[in-house]
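Colleague: What follows is a single structure, and I will ask about it in a moment.
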Amino acid sequence: MKILVSIKRVADPDNASKLKVSSDGTAVTSEGLEWKMNPFDDWSLEAALRLTENAAEKNARVGEVVLVSIGPNDEHTQRIIREGLAKGAERGILVEADDANLDSNVVSQILKAVVDKENPDLVVMGKQAADGDSNVAGTKLAARLGWPIINYAMKISTNDDGKTLEVKRELDTGVATVKVTGPAVITTSDRILQPESVKNGITPADHQYAKLEVGGRYASLKGIMQAKKKPIDQMSLGDLGIEAKVALKYTKFELPPARSGDTTFVESVEDLVDKLHNTAKVI
Amino acid sequence: MEAPTKGYLFETDEHRALREQVRRFAAAEIAPNAHAWEEANEFPRELYSRAAKAGFLGVGYPEELGGDGGDLGHVLCASEEVVLAGKSVGTCVGLGSHGIALPPIVRFGNDDQKERFVRPTLAGDKIAALAITEPGGGSDVAAVRTKAVRDGDHYVVNGAKTFITSGCRGDYITTAVRTGGEGHGGISMLVVESGTPGFSVSSKLKKTGWWASDTAELIFEDCRVPATNLIGQEGTGFLMIMMNFVTERLFLAGQCVAIAELAYRESVAYAKQRQAFGKNLAGFQVIRHKLADMATQIAAARALTGECVTRYLNGEETPSLAAMAKNAATDMCSAVCDQAVQIHGGYGYMREYVVERLYRDARLYPIGGGTREIMNEIISKVEGY
Ligand SMILES: Cc1cc2nc3c(=O)[nH]c(=O)nc-3n(C[C@H](O)[C@H](O)[C@H](O)COP(=O)(O)OP(=O)(O)OC[C@H]3O[C@@H](n4cnc5c(N)ncnc54)[C@H](O)[C@@H]3O)c2cc1C
């Protein structure tokens, strides 16, 4: 099975409080922030790696995971691709583009061009990126490809190397089980990290994955060293025959009002409800 | 999550990538429990297999033995991140006790011993400890009294060991025993499995610091150990111990750098937030200069430790420089932790505060792995006076 996984670099979401808005309000500045792999992409990478390995054996890869990242061709984007390669992906693609010229529309166009080149059996993506939180690129890509889209996957199983899959989707109203014939686009929810969430018909069904809570697997030192030798193809939008035209324009950014930090002590539940309703106005 | 340190001069992108992974592991798996595990004098045994699954227990060991490759420099970076992000020194040293127990087997053991001991330890299934120190003395290694007398296919071991890290939970103990006559030529290394009749843990010791790590007194009473558990040749144990000490001292120097770095970070954060006389502590030049001195001392000890690691990895003999690095780092660590407590005022003396614990943890380092005085003896000998 060959899986394409898109990974985006985002400003460290754990340091969101350090984000600043430019003085004219037209952009969010990320100066001084650390760049990380979008955590949602880290989950989808975990799902893709589980689909393409025999986890009962050390480093027994049985399929191929190709990473694609779209962004500036700098050390940060490369470091994030290397991190994915260190976790186990086979190779990477860096599509060079300026952040300002990207939106879900352009991203889905680029990903479609990469899919056309690579012919993967599946595209597994984060449901959203931790910076823009748009939650549309996966669906748009599927629409462009004419493939099924399965959003918020929390369980994926296949017995025929991904030709057909049973996917459980995590919805506000419950869990929907869908059967899908590939190729398809899947986006994942954080429940995909649970030990039993992915069955590929190759890893023994009773295999227990390590419990992961905040992100996908850790890259081992061995993986880190191997990643240095794995290829990263670099290409431009021109190479893919794409003219970037953003459909979405941001007109103004504002920071939320600073919190006062005042502490109020309450004596009773009634008092608490009253304060939440009348003072804080949150219920 | 904390920003990464500037690190050692020898670090490459590979070291930095390793730090990032270990940091995430320690922040998720250790930090939330650090205080509780220290207070409980124990961390859960499963942590060994979690660390192994994540790929960190095997750092510094060859792949053929189930390790993850890498060298002493990688080990120092990984263990620094465990301290910085995990914030429990006791957990770090307990988790790392194989770092002193395995090398004699890796270097001098046979294939069978490597399969039985090294592989399962790196997989997190077995806990390893090293036992040299005896109740009668630790500095004078050549005076080891625990006796191992050959009887057919076995050695019969009698004696006692003390202050043994991970000795209470260890599945096997790499033990220094006397198989021959007086002096260093009579010492051998023998692996004693904890289930062997005649082996017992006589006491779990209560200590000043390193609480989450267990420290044991061990008794051997007519303990029959298969002769196949002898590492290398009879009478070569002293050499193995001396070789082991060089890397152990660099681990310890690296831990001192890490502990001091953590104490420093805690102090900077506290100094920026704590108010006195209408401004924060960092607003006083005296406090800023204390912090500046701490940062300087850390940088100096880090530089010497890093230099020694680089020379060691280049194949130089470094017993004297390793001893210097250990003394420089331990002195620095004690001084920095002391100042960290001072900056925290009364809170620095309270058990919930990390610096209070680091201050106690720091006291071990001029004693363990060869005392400050013994380090100076080594330096004197090499320098020739
Ligand atoms: C928490 C902890 C964990 C430990 N873990 C282990 C372990 O896992 N395995 C293990 O084998 N050991 C371990 N040790 C033991 C440690 O290595 C010894 O405590 C140390 O080597 C000193 O030995 P000693 O305590 O017998 O002191 P002694 O040798 O009795 O020394 C007492 C004092 O005399 C000084 N002194 C001794 N000889 C000389 C000399 N020639 N010149 C000048 N001064 C001298 C010493 O420097 C020291 O100040 C641990 C100790 C502690 C506290």
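Residue names in the structure tokens use chain letters A, B, ... in the order shown, residue numbers from 1 in each chain, and ligand numbers from 1 in the order shown.
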If DSSP is run on the backbone, what residues of segment 152-341 of chain B are strand (DSSP E or B)? A reply as an mmCIF file with N, CA, C and O atoms, in the first residue's frame would be ideal.

Modeller:
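File selection-v8.cif, as written:
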data_model
loop_
_atom_site.group_PDB
_atom_site.id
_atom_site.type_symbol
_atom_site.label_atom_id
_atom_site.label_comp_id
_atom_site.auth_asym_id
_atom_site.auth_seq_id
_atom_site.Cartn_x
_atom_site.Cartn_y
_atom_site.Cartn_z
ATOM 1 N N HIS B 154 30.058 -23.819 39.224
ATOM 2 C CA HIS B 154 29.527 -22.620 39.881
ATOM 3 C C HIS B 154 30.602 -21.845 40.622
ATOM 4 O O HIS B 154 31.670 -22.370 40.917
ATOM 5 N N TYR B 155 30.250 -20.584 40.921
ATOM 6 C CA TYR B 155 31.001 -19.817 41.914
ATOM 7 C C TYR B 155 30.105 -19.713 43.143
ATOM 8 O O TYR B 155 28.895 -19.452 43.016
ATOM 9 N N VAL B 156 30.708 -19.886 44.301
ATOM 10 C CA VAL B 156 29.947 -19.691 45.535
ATOM 11 C C VAL B 156 30.332 -18.317 46.071
ATOM 12 O O VAL B 156 31.492 -18.058 46.394
ATOM 13 N N VAL B 157 29.322 -17.428 46.107
ATOM 14 C CA VAL B 157 29.600 -16.028 46.448
ATOM 15 C C VAL B 157 29.165 -15.729 47.877
ATOM 16 O O VAL B 157 28.057 -16.087 48.297
ATOM 17 N N ASN B 158 30.045 -15.076 48.627
ATOM 18 C CA ASN B 158 29.738 -14.639 49.988
ATOM 19 C C ASN B 158 30.235 -13.212 50.174
ATOM 20 O O ASN B 158 31.367 -12.889 49.804
ATOM 21 N N GLY B 159 29.367 -12.379 50.755
ATOM 22 C CA GLY B 159 29.775 -11.001 51.013
ATOM 23 C C GLY B 159 28.580 -10.054 50.975
ATOM 24 O O GLY B 159 27.423 -10.495 51.032
ATOM 25 N N ALA B 160 28.865 -8.749 50.866
ATOM 26 C CA ALA B 160 27.799 -7.748 50.858
ATOM 27 C C ALA B 160 28.198 -6.572 49.986
ATOM 28 O O ALA B 160 29.382 -6.264 49.827
ATOM 29 N N LYS B 161 27.199 -5.929 49.408
ATOM 30 C CA LYS B 161 27.408 -4.724 48.600
ATOM 31 C C LYS B 161 26.447 -3.660 49.126
ATOM 32 O O LYS B 161 25.359 -3.989 49.633
ATOM 33 N N THR B 162 26.817 -2.403 48.991
ATOM 34 C CA THR B 162 25.888 -1.371 49.462
ATOM 35 C C THR B 162 25.867 -0.167 48.536
ATOM 36 O O THR B 162 26.762 -0.009 47.708
ATOM 37 N N PHE B 163 24.834 0.654 48.719
ATOM 38 C CA PHE B 163 24.563 1.861 47.914
ATOM 39 C C PHE B 163 24.333 1.504 46.446
ATOM 40 O O PHE B 163 24.709 2.273 45.546
ATOM 41 N N ILE B 164 23.714 0.368 46.164
ATOM 42 C CA ILE B 164 23.614 -0.095 44.784
ATOM 43 C C ILE B 164 22.346 0.454 44.112
ATOM 44 O O ILE B 164 21.221 0.105 44.492
ATOM 45 N N THR B 165 22.545 1.292 43.110
ATOM 46 C CA THR B 165 21.438 1.908 42.376
ATOM 47 C C THR B 165 20.659 0.838 41.612
ATOM 48 O O THR B 165 21.267 0.033 40.902
ATOM 49 N N TYR B 172 19.272 -8.521 37.530
ATOM 50 C CA TYR B 172 20.615 -9.075 37.667
ATOM 51 C C TYR B 172 21.576 -7.966 38.052
ATOM 52 O O TYR B 172 21.318 -6.784 37.797
ATOM 53 N N ILE B 173 22.673 -8.402 38.713
ATOM 54 C CA ILE B 173 23.624 -7.435 39.238
ATOM 55 C C ILE B 173 25.003 -7.775 38.671
ATOM 56 O O ILE B 173 25.502 -8.879 38.886
ATOM 57 N N THR B 174 25.587 -6.837 37.954
ATOM 58 C CA THR B 174 26.967 -6.991 37.488
ATOM 59 C C THR B 174 27.850 -6.714 38.710
ATOM 60 O O THR B 174 27.933 -5.581 39.174
ATOM 61 N N THR B 175 28.472 -7.781 39.243
ATOM 62 C CA THR B 175 29.050 -7.699 40.585
ATOM 63 C C THR B 175 30.573 -7.876 40.563
ATOM 64 O O THR B 175 31.081 -8.809 39.924
ATOM 65 N N ALA B 176 31.252 -7.002 41.305
ATOM 66 C CA ALA B 176 32.707 -7.151 41.458
ATOM 67 C C ALA B 176 32.966 -8.129 42.600
ATOM 68 O O ALA B 176 32.490 -7.923 43.723
ATOM 69 N N VAL B 177 33.692 -9.199 42.299
ATOM 70 C CA VAL B 177 33.955 -10.229 43.324
ATOM 71 C C VAL B 177 35.455 -10.553 43.330
ATOM 72 O O VAL B 177 36.156 -10.305 42.349
ATOM 73 N N ARG B 178 35.885 -11.122 44.448
ATOM 74 C CA ARG B 178 37.281 -11.545 44.522
ATOM 75 C C ARG B 178 37.353 -13.044 44.229
ATOM 76 O O ARG B 178 36.827 -13.851 44.982
ATOM 77 N N ILE B 187 40.435 -9.545 41.221
ATOM 78 C CA ILE B 187 39.017 -9.158 41.090
ATOM 79 C C ILE B 187 38.438 -9.602 39.748
ATOM 80 O O ILE B 187 39.089 -9.500 38.707
ATOM 81 N N SER B 188 37.212 -10.126 39.780
ATOM 82 C CA SER B 188 36.515 -10.536 38.561
ATOM 83 C C SER B 188 35.122 -9.939 38.560
ATOM 84 O O SER B 188 34.613 -9.501 39.591
ATOM 85 N N MET B 189 34.489 -9.922 37.371
ATOM 86 C CA MET B 189 33.107 -9.452 37.265
ATOM 87 C C MET B 189 32.198 -10.648 36.993
ATOM 88 O O MET B 189 32.426 -11.424 36.060
ATOM 89 N N LEU B 190 31.158 -10.759 37.796
ATOM 90 C CA LEU B 190 30.254 -11.894 37.732
ATOM 91 C C LEU B 190 28.820 -11.359 37.696
ATOM 92 O O LEU B 190 28.481 -10.439 38.451
ATOM 93 N N VAL B 191 27.992 -11.926 36.807
ATOM 94 C CA VAL B 191 26.596 -11.487 36.767
ATOM 95 C C VAL B 191 25.777 -12.363 37.718
ATOM 96 O O VAL B 191 25.708 -13.583 37.535
ATOM 97 N N VAL B 192 25.184 -11.752 38.725
ATOM 98 C CA VAL B 192 24.376 -12.498 39.696
ATOM 99 C C VAL B 192 22.906 -12.173 39.444
ATOM 100 O O VAL B 192 22.499 -11.006 39.523
ATOM 101 N N GLU B 193 22.132 -13.209 39.120
ATOM 102 C CA GLU B 193 20.704 -12.982 38.886
ATOM 103 C C GLU B 193 19.975 -12.930 40.220
ATOM 104 O O GLU B 193 20.283 -13.685 41.138
ATOM 105 N N PHE B 199 20.980 -14.991 47.362
ATOM 106 C CA PHE B 199 21.045 -13.549 47.084
ATOM 107 C C PHE B 199 19.858 -12.882 47.748
ATOM 108 O O PHE B 199 18.731 -13.371 47.641
ATOM 109 N N SER B 200 20.076 -11.804 48.458
ATOM 110 C CA SER B 200 18.925 -11.080 48.996
ATOM 111 C C SER B 200 19.214 -9.587 49.111
ATOM 112 O O SER B 200 20.364 -9.159 49.189
ATOM 113 N N VAL B 201 18.112 -8.814 49.077
ATOM 114 C CA VAL B 201 18.189 -7.369 49.300
ATOM 115 C C VAL B 201 17.963 -7.166 50.785
ATOM 116 O O VAL B 201 16.872 -7.434 51.285
ATOM 117 N N SER B 202 19.001 -6.757 51.519
ATOM 118 C CA SER B 202 18.815 -6.655 52.968
ATOM 119 C C SER B 202 18.177 -5.340 53.366
ATOM 120 O O SER B 202 17.573 -5.233 54.418
ATOM 121 N N SER B 203 18.295 -4.312 52.485
ATOM 122 C CA SER B 203 17.704 -3.039 52.878
ATOM 123 C C SER B 203 17.517 -2.128 51.675
ATOM 124 O O SER B 203 18.358 -2.085 50.779
ATOM 125 N N LYS B 204 16.373 -1.426 51.659
ATOM 126 C CA LYS B 204 16.192 -0.331 50.700
ATOM 127 C C LYS B 204 16.576 0.926 51.465
ATOM 128 O O LYS B 204 15.922 1.296 52.448
ATOM 129 N N THR B 215 17.939 2.440 46.067
ATOM 130 C CA THR B 215 19.344 2.205 46.412
ATOM 131 C C THR B 215 19.378 1.093 47.457
ATOM 132 O O THR B 215 18.681 1.181 48.467
ATOM 133 N N ALA B 216 20.167 0.035 47.181
ATOM 134 C CA ALA B 216 20.037 -1.176 47.991
ATOM 135 C C ALA B 216 21.326 -1.592 48.671
ATOM 136 O O ALA B 216 22.432 -1.318 48.200
ATOM 137 N N GLU B 217 21.120 -2.306 49.776
ATOM 138 C CA GLU B 217 22.205 -3.087 50.348
ATOM 139 C C GLU B 217 21.910 -4.535 49.993
ATOM 140 O O GLU B 217 20.784 -5.000 50.144
ATOM 141 N N LEU B 218 22.912 -5.231 49.494
ATOM 142 C CA LEU B 218 22.711 -6.596 48.999
ATOM 143 C C LEU B 218 23.569 -7.577 49.792
ATOM 144 O O LEU B 218 24.700 -7.260 50.168
ATOM 145 N N ILE B 219 23.015 -8.758 50.015
ATOM 146 C CA ILE B 219 23.749 -9.798 50.749
ATOM 147 C C ILE B 219 23.892 -11.043 49.867
ATOM 148 O O ILE B 219 22.930 -11.432 49.189
ATOM 149 N N PHE B 220 25.054 -11.631 49.880
ATOM 150 C CA PHE B 220 25.299 -12.896 49.173
ATOM 151 C C PHE B 220 25.716 -13.921 50.222
ATOM 152 O O PHE B 220 26.733 -13.746 50.898
ATOM 153 N N GLU B 221 24.894 -14.976 50.369
ATOM 154 C CA GLU B 221 25.196 -16.013 51.364
ATOM 155 C C GLU B 221 25.233 -17.356 50.659
ATOM 156 O O GLU B 221 24.181 -17.855 50.238
ATOM 157 N N ASP B 222 26.402 -17.907 50.513
ATOM 158 C CA ASP B 222 26.552 -19.167 49.781
ATOM 159 C C ASP B 222 25.716 -19.138 48.509
ATOM 160 O O ASP B 222 24.987 -20.097 48.199
ATOM 161 N N CYS B 223 25.819 -18.059 47.813
ATOM 162 C CA CYS B 223 25.014 -17.831 46.601
ATOM 163 C C CYS B 223 25.723 -18.516 45.434
ATOM 164 O O CYS B 223 26.833 -18.127 45.050
ATOM 165 N N ARG B 224 25.052 -19.567 44.861
ATOM 166 C CA ARG B 224 25.715 -20.351 43.803
ATOM 167 C C ARG B 224 25.381 -19.762 42.430
ATOM 168 O O ARG B 224 24.240 -19.840 41.972
ATOM 169 N N VAL B 225 26.375 -19.176 41.802
ATOM 170 C CA VAL B 225 26.195 -18.499 40.516
ATOM 171 C C VAL B 225 26.875 -19.331 39.431
ATOM 172 O O VAL B 225 28.046 -19.698 39.586
ATOM 173 N N PRO B 226 26.159 -19.650 38.342
ATOM 174 C CA PRO B 226 26.783 -20.455 37.284
ATOM 175 C C PRO B 226 28.077 -19.803 36.787
ATOM 176 O O PRO B 226 28.112 -18.587 36.584
ATOM 177 N N LEU B 230 30.460 -15.598 34.453
ATOM 178 C CA LEU B 230 31.694 -14.815 34.600
ATOM 179 C C LEU B 230 31.908 -13.998 33.321
ATOM 180 O O LEU B 230 31.852 -14.536 32.217
ATOM 181 N N ILE B 231 32.153 -12.679 33.486
ATOM 182 C CA ILE B 231 32.409 -11.839 32.306
ATOM 183 C C ILE B 231 33.903 -11.865 32.009
ATOM 184 O O ILE B 231 34.716 -11.538 32.875
ATOM 185 N N GLN B 275 7.566 39.104 43.243
ATOM 186 C CA GLN B 275 7.672 40.533 43.526
ATOM 187 C C GLN B 275 8.267 40.783 44.917
ATOM 188 O O GLN B 275 7.945 40.069 45.869
ATOM 189 N N ALA B 276 9.112 41.793 45.029
ATOM 190 C CA ALA B 276 9.581 42.268 46.332
ATOM 191 C C ALA B 276 9.884 43.753 46.200
ATOM 192 O O ALA B 276 10.416 44.181 45.168
ATOM 193 N N LYS B 279 8.975 45.501 42.831
ATOM 194 C CA LYS B 279 9.409 45.056 41.504
ATOM 195 C C LYS B 279 9.710 43.561 41.538
ATOM 196 O O LYS B 279 9.728 42.957 42.622
ATOM 197 N N ASN B 280 9.937 42.992 40.370
ATOM 198 C CA ASN B 280 10.251 41.576 40.421
ATOM 199 C C ASN B 280 11.719 41.371 40.801
ATOM 200 O O ASN B 280 12.519 42.304 40.745
#

Colleague: Please identify every residue of chain B that has at least one atom no more than 6 Å from any atom of chain A, counting only C-alpha atoms, and report them as a list in words.

Modeller: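 Applying the cut-off to the listed atoms yields Gln21, Ala54, Gly55 and Asp68 of chain B.
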
Colleague: For the residues in the current selection, export N, CA and C atoms as an mmCIF file, in the first residue's frame.

Modeller:
data_model
loop_
_atom_site.group_PDB
_atom_site.id
_atom_site.type_symbol
_atom_site.label_atom_id
_atom_site.label_comp_id
_atom_site.auth_asym_id
_atom_site.auth_seq_id
_atom_site.Cartn_x
_atom_site.Cartn_y
_atom_site.Cartn_z
ATOM 1 N N GLN B 21 12.782 14.569 20.547
ATOM 2 C CA GLN B 21 11.960 13.386 20.798
ATOM 3 C C GLN B 21 11.960 13.026 22.282
ATOM 4 N N ALA B 54 9.769 3.537 23.031
ATOM 5 C CA ALA B 54 9.937 4.844 22.397
ATOM 6 C C ALA B 54 11.299 4.940 21.719
ATOM 7 N N GLY B 55 12.220 4.031 22.078
ATOM 8 C CA GLY B 55 13.512 3.989 21.391
ATOM 9 C C GLY B 55 14.631 4.712 22.119
ATOM 10 N N ASP B 68 20.014 1.238 19.775
ATOM 11 C CA ASP B 68 19.616 2.189 18.742
ATOM 12 C C ASP B 68 20.797 2.894 18.109
#

Colleague: Please, which residues have at least one atom within 8 Å of an atom of ligand 1, using only C-alpha atoms and all ligand atoms, listed as JSON, numbers by chain?

Modeller: {"B": [97, 100, 129, 130, 131, 132, 133, 134, 135, 136, 137, 138, 139, 140, 161, 162, 163, 164, 165, 166, 167, 207, 209, 210, 215, 364, 367, 368, 369, 370, 371, 372, 373, 374, 377]}

Colleague: Find the residues around Lys163 of chain A up to 9 Å (only C-alpha atoms counted), leave out those fewer than 2 positions away in its own chain, and share them as number ranges by chain.

Modeller: A: 1, 121, 158-161, 165, 180-183

Colleague: Find the residues around Leu252 of chain B up to 12 Å (only C-alpha atoms counted), leave out those fewer than 6 positions away in its own chain, and share them as number ranges by chain.

Modeller: B: 72, 75-76, 79-80, 89, 92-93, 96-97, 99-100, 245-246, 258-259, 301-302, 305, 322-330, 333, 361-362, 364-371

Colleague: Just the number, please: distance in Å from atom CA of Glu29 of chain B to atom CA of Glu352 of chain B, one decimal.

Modeller: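 We find that atom CA of Glu29 of chain B and atom CA of Glu352 of chain B lie 19.2 Å from each other.
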
Colleague: Using only C-alpha atoms, pick whichever of A:Ile81, A:Ala48, A:Ala89, A:Ala97 has the shortest atom-to-atom distance to Ala153 of chain A.

Modeller: A:Ala48

Colleague: Pick out the residues sitting within 12 Å of Arg116 of chain B, and hand them over as a PyMOL selection string; count only C-alpha atoms, and ignore anything fewer than 6 positions along from it in its own chain.

Modeller: chain B and resi 65-66+102+105-106+109-110+122-123+125-126+128+171-172+191+193+228-229

Colleague: If I take atom CA of Ile343 of chain B and atom CA of Gly306 of chain B, how far is one from the other in Å, to one decimal?

Modeller: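 Rounded to one decimal, the two atoms are 28.2 Å apart.
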
Colleague: Quick one: distance from atom CA of Phe117 of chain B to atom CA of Gln255 of chain B in Å, one decimal?

Modeller: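 That distance, rounded to one decimal, is 25.5 Å.
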
Colleague: Would you pick out the contacts of Glu196 of chain A at 10 Å or less, using only C-alpha atoms, so that residues sharing its chain but fewer than 4 positions from it are not included, and give the list as a PDB file with N, CA, C and O atoms, in the first residue's frame?

Modeller:
ATOM      1  N   MET A 154     -11.352   7.605  13.366  1.00  0.00           N
ATOM      2  CA  MET A 154     -10.800   7.216  14.665  1.00  0.00           C
ATOM      3  C   MET A 154     -10.370   5.749  14.662  1.00  0.00           C
ATOM      4  O   MET A 154      -9.649   5.313  15.554  1.00  0.00           O
ATOM      5  N   LYS A 155     -10.844   4.982  13.670  1.00  0.00           N
ATOM      6  CA  LYS A 155     -10.421   3.592  13.511  1.00  0.00           C
ATOM      7  C   LYS A 155     -10.378   3.279  12.035  1.00  0.00           C
ATOM      8  O   LYS A 155     -11.300   3.639  11.304  1.00  0.00           O
ATOM      9  N   ILE A 156      -9.335   2.608  11.611  1.00  0.00           N
ATOM     10  CA  ILE A 156      -9.232   2.214  10.206  1.00  0.00           C
ATOM     11  C   ILE A 156      -8.839   0.754  10.168  1.00  0.00           C
ATOM     12  O   ILE A 156      -7.898   0.351  10.847  1.00  0.00           O
ATOM     13  N   ARG A 191      -8.273  10.165  18.287  1.00  0.00           N
ATOM     14  CA  ARG A 191      -8.504   8.796  18.763  1.00  0.00           C
ATOM     15  C   ARG A 191      -7.749   7.767  17.916  1.00  0.00           C
ATOM     16  O   ARG A 191      -7.598   6.619  18.321  1.00  0.00           O
ATOM     17  N   ILE A 192      -7.265   8.191  16.765  1.00  0.00           N
ATOM     18  CA  ILE A 192      -6.502   7.286  15.908  1.00  0.00           C
ATOM     19  C   ILE A 192      -5.195   6.871  16.599  1.00  0.00           C
ATOM     20  O   ILE A 192      -4.547   5.901  16.205  1.00  0.00           O
ATOM     21  N   ALA A 205      -3.530  -9.185  15.008  1.00  0.00           N
ATOM     22  CA  ALA A 205      -4.682  -8.432  15.503  1.00  0.00           C
ATOM     23  C   ALA A 205      -4.574  -8.110  16.990  1.00  0.00           C
ATOM     24  O   ALA A 205      -5.126  -7.115  17.459  1.00  0.00           O
ATOM     25  N   ASP A 206      -3.829  -8.940  17.734  1.00  0.00           N
ATOM     26  CA  ASP A 206      -3.750  -8.695  19.183  1.00  0.00           C
ATOM     27  C   ASP A 206      -2.555  -7.812  19.564  1.00  0.00           C
ATOM     28  O   ASP A 206      -2.280  -7.602  20.731  1.00  0.00           O
ATOM     29  N   HIS A 207      -1.863  -7.270  18.555  1.00  0.00           N
ATOM     30  CA  HIS A 207      -0.687  -6.445  18.872  1.00  0.00           C
ATOM     31  C   HIS A 207      -1.104  -5.185  19.633  1.00  0.00           C
ATOM     32  O   HIS A 207      -2.064  -4.519  19.263  1.00  0.00           O
ATOM     33  N   GLN A 208      -0.381  -4.891  20.689  1.00  0.00           N
ATOM     34  CA  GLN A 208      -0.672  -3.694  21.478  1.00  0.00           C
ATOM     35  C   GLN A 208       0.325  -2.590  21.121  1.00  0.00           C
ATOM     36  O   GLN A 208       1.510  -2.710  21.395  1.00  0.00           O
ATOM     37  N   TYR A 209      -0.177  -1.535  20.516  1.00  0.00           N
ATOM     38  CA  TYR A 209       0.694  -0.386  20.293  1.00  0.00           C
ATOM     39  C   TYR A 209       0.908   0.328  21.624  1.00  0.00           C
ATOM     40  O   TYR A 209       0.066   0.256  22.519  1.00  0.00           O
ATOM     41  N   ALA A 210       2.053   1.026  21.726  1.00  0.00           N
ATOM     42  CA  ALA A 210       2.320   1.810  22.932  1.00  0.00           C
ATOM     43  C   ALA A 210       1.225   2.856  23.087  1.00  0.00           C
ATOM     44  O   ALA A 210       0.683   3.351  22.102  1.00  0.00           O
ATOM     45  N   LYS A 211       0.907   3.167  24.326  1.00  0.00           N
ATOM     46  CA  LYS A 211      -0.118   4.178  24.580  1.00  0.00           C
ATOM     47  C   LYS A 211       0.452   5.557  24.229  1.00  0.00           C
ATOM     48  O   LYS A 211       1.475   5.957  24.744  1.00  0.00           O
TER      49      LYS A 211
END

Colleague: Return the single residue from B:Leu304, B:Cys77, B:Ala227, B:Cys256 that is closest to Gly60 of chain B, with distances computed using only C-alpha atoms.

Modeller: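 Ranking B:Leu304, B:Cys77, B:Ala227, B:Cys256 by distance to Gly60 of chain B, first place goes to B:Cys77.
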
Colleague: Of the residues A:Met235, A:Lys249, A:Pro120, A:Val178, which is the one nearest to Ala100 of chain A, using only C-alpha atoms?

Modeller: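 Once distances to Ala100 of chain A are computed over only C-alpha atoms, the minimum belongs to A:Lys249.
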
Colleague: For the helix (DSSP H, G or I) assignment from backbone DSSP, which residues of segment 1-71 of chain A qualify? Please present them as a list of chain:residue names.

Modeller: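 Filtering segment 1-71 of chain A to helix (DSSP H, G or I) leaves A:Pro13, A:Asp14, A:Asn15, A:Ala16, A:Ser17, A:Lys18, A:Pro39, A:Phe40, A:Asp41, A:Asp42, A:Trp43, A:Ser44, A:Leu45, A:Glu46, A:Ala47, A:Ala48, A:Leu49, A:Arg50, A:Leu51.
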
Colleague: Please provide as a PyMOL selection string all residues within 10 Å of Glu39 of chain B, with the sequence filter that same-chain residues fewer than 2 positions apart are discarded (counting only C-alpha atoms).

Modeller: chain B and resi 33-37+41-43+211-212+351-352

Colleague: Could you write those residues out with C-alpha atoms, as a PDB file, in the first residue's frame?

Modeller:
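What follows is the written file out_33.pdb:
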ATOM      1  CA  ASN B  33       4.428  12.329  37.960  1.00  0.00           C
ATOM      2  CA  ALA B  34       7.840  13.678  38.922  1.00  0.00           C
ATOM      3  CA  HIS B  35       6.948  14.967  42.364  1.00  0.00           C
ATOM      4  CA  ALA B  36       4.768  11.969  43.244  1.00  0.00           C
ATOM      5  CA  TRP B  37       7.394   9.435  42.197  1.00  0.00           C
ATOM      6  CA  ASN B  41      10.682   6.689  46.473  1.00  0.00           C
ATOM      7  CA  GLU B  42       9.835   4.746  43.326  1.00  0.00           C
ATOM      8  CA  PHE B  43       8.718   5.075  39.733  1.00  0.00           C
ATOM      9  CA  TRP B 211      14.494   9.526  45.995  1.00  0.00           C
ATOM     10  CA  ALA B 212      12.730   8.034  42.974  1.00  0.00           C
ATOM     11  CA  ARG B 351       9.378  20.161  49.384  1.00  0.00           C
ATOM     12  CA  GLU B 352       6.970  21.037  46.545  1.00  0.00           C
TER      13      GLU B 352
END

Colleague: Using only C-alpha atoms, find the one residue out of B:Ser88, B:Gly254, B:Ala295, B:Lys381 that sits nearest to Tyr353 of chain B.

Modeller: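 Closest to Tyr353 of chain B, using only C-alpha atoms: B:Ser88.
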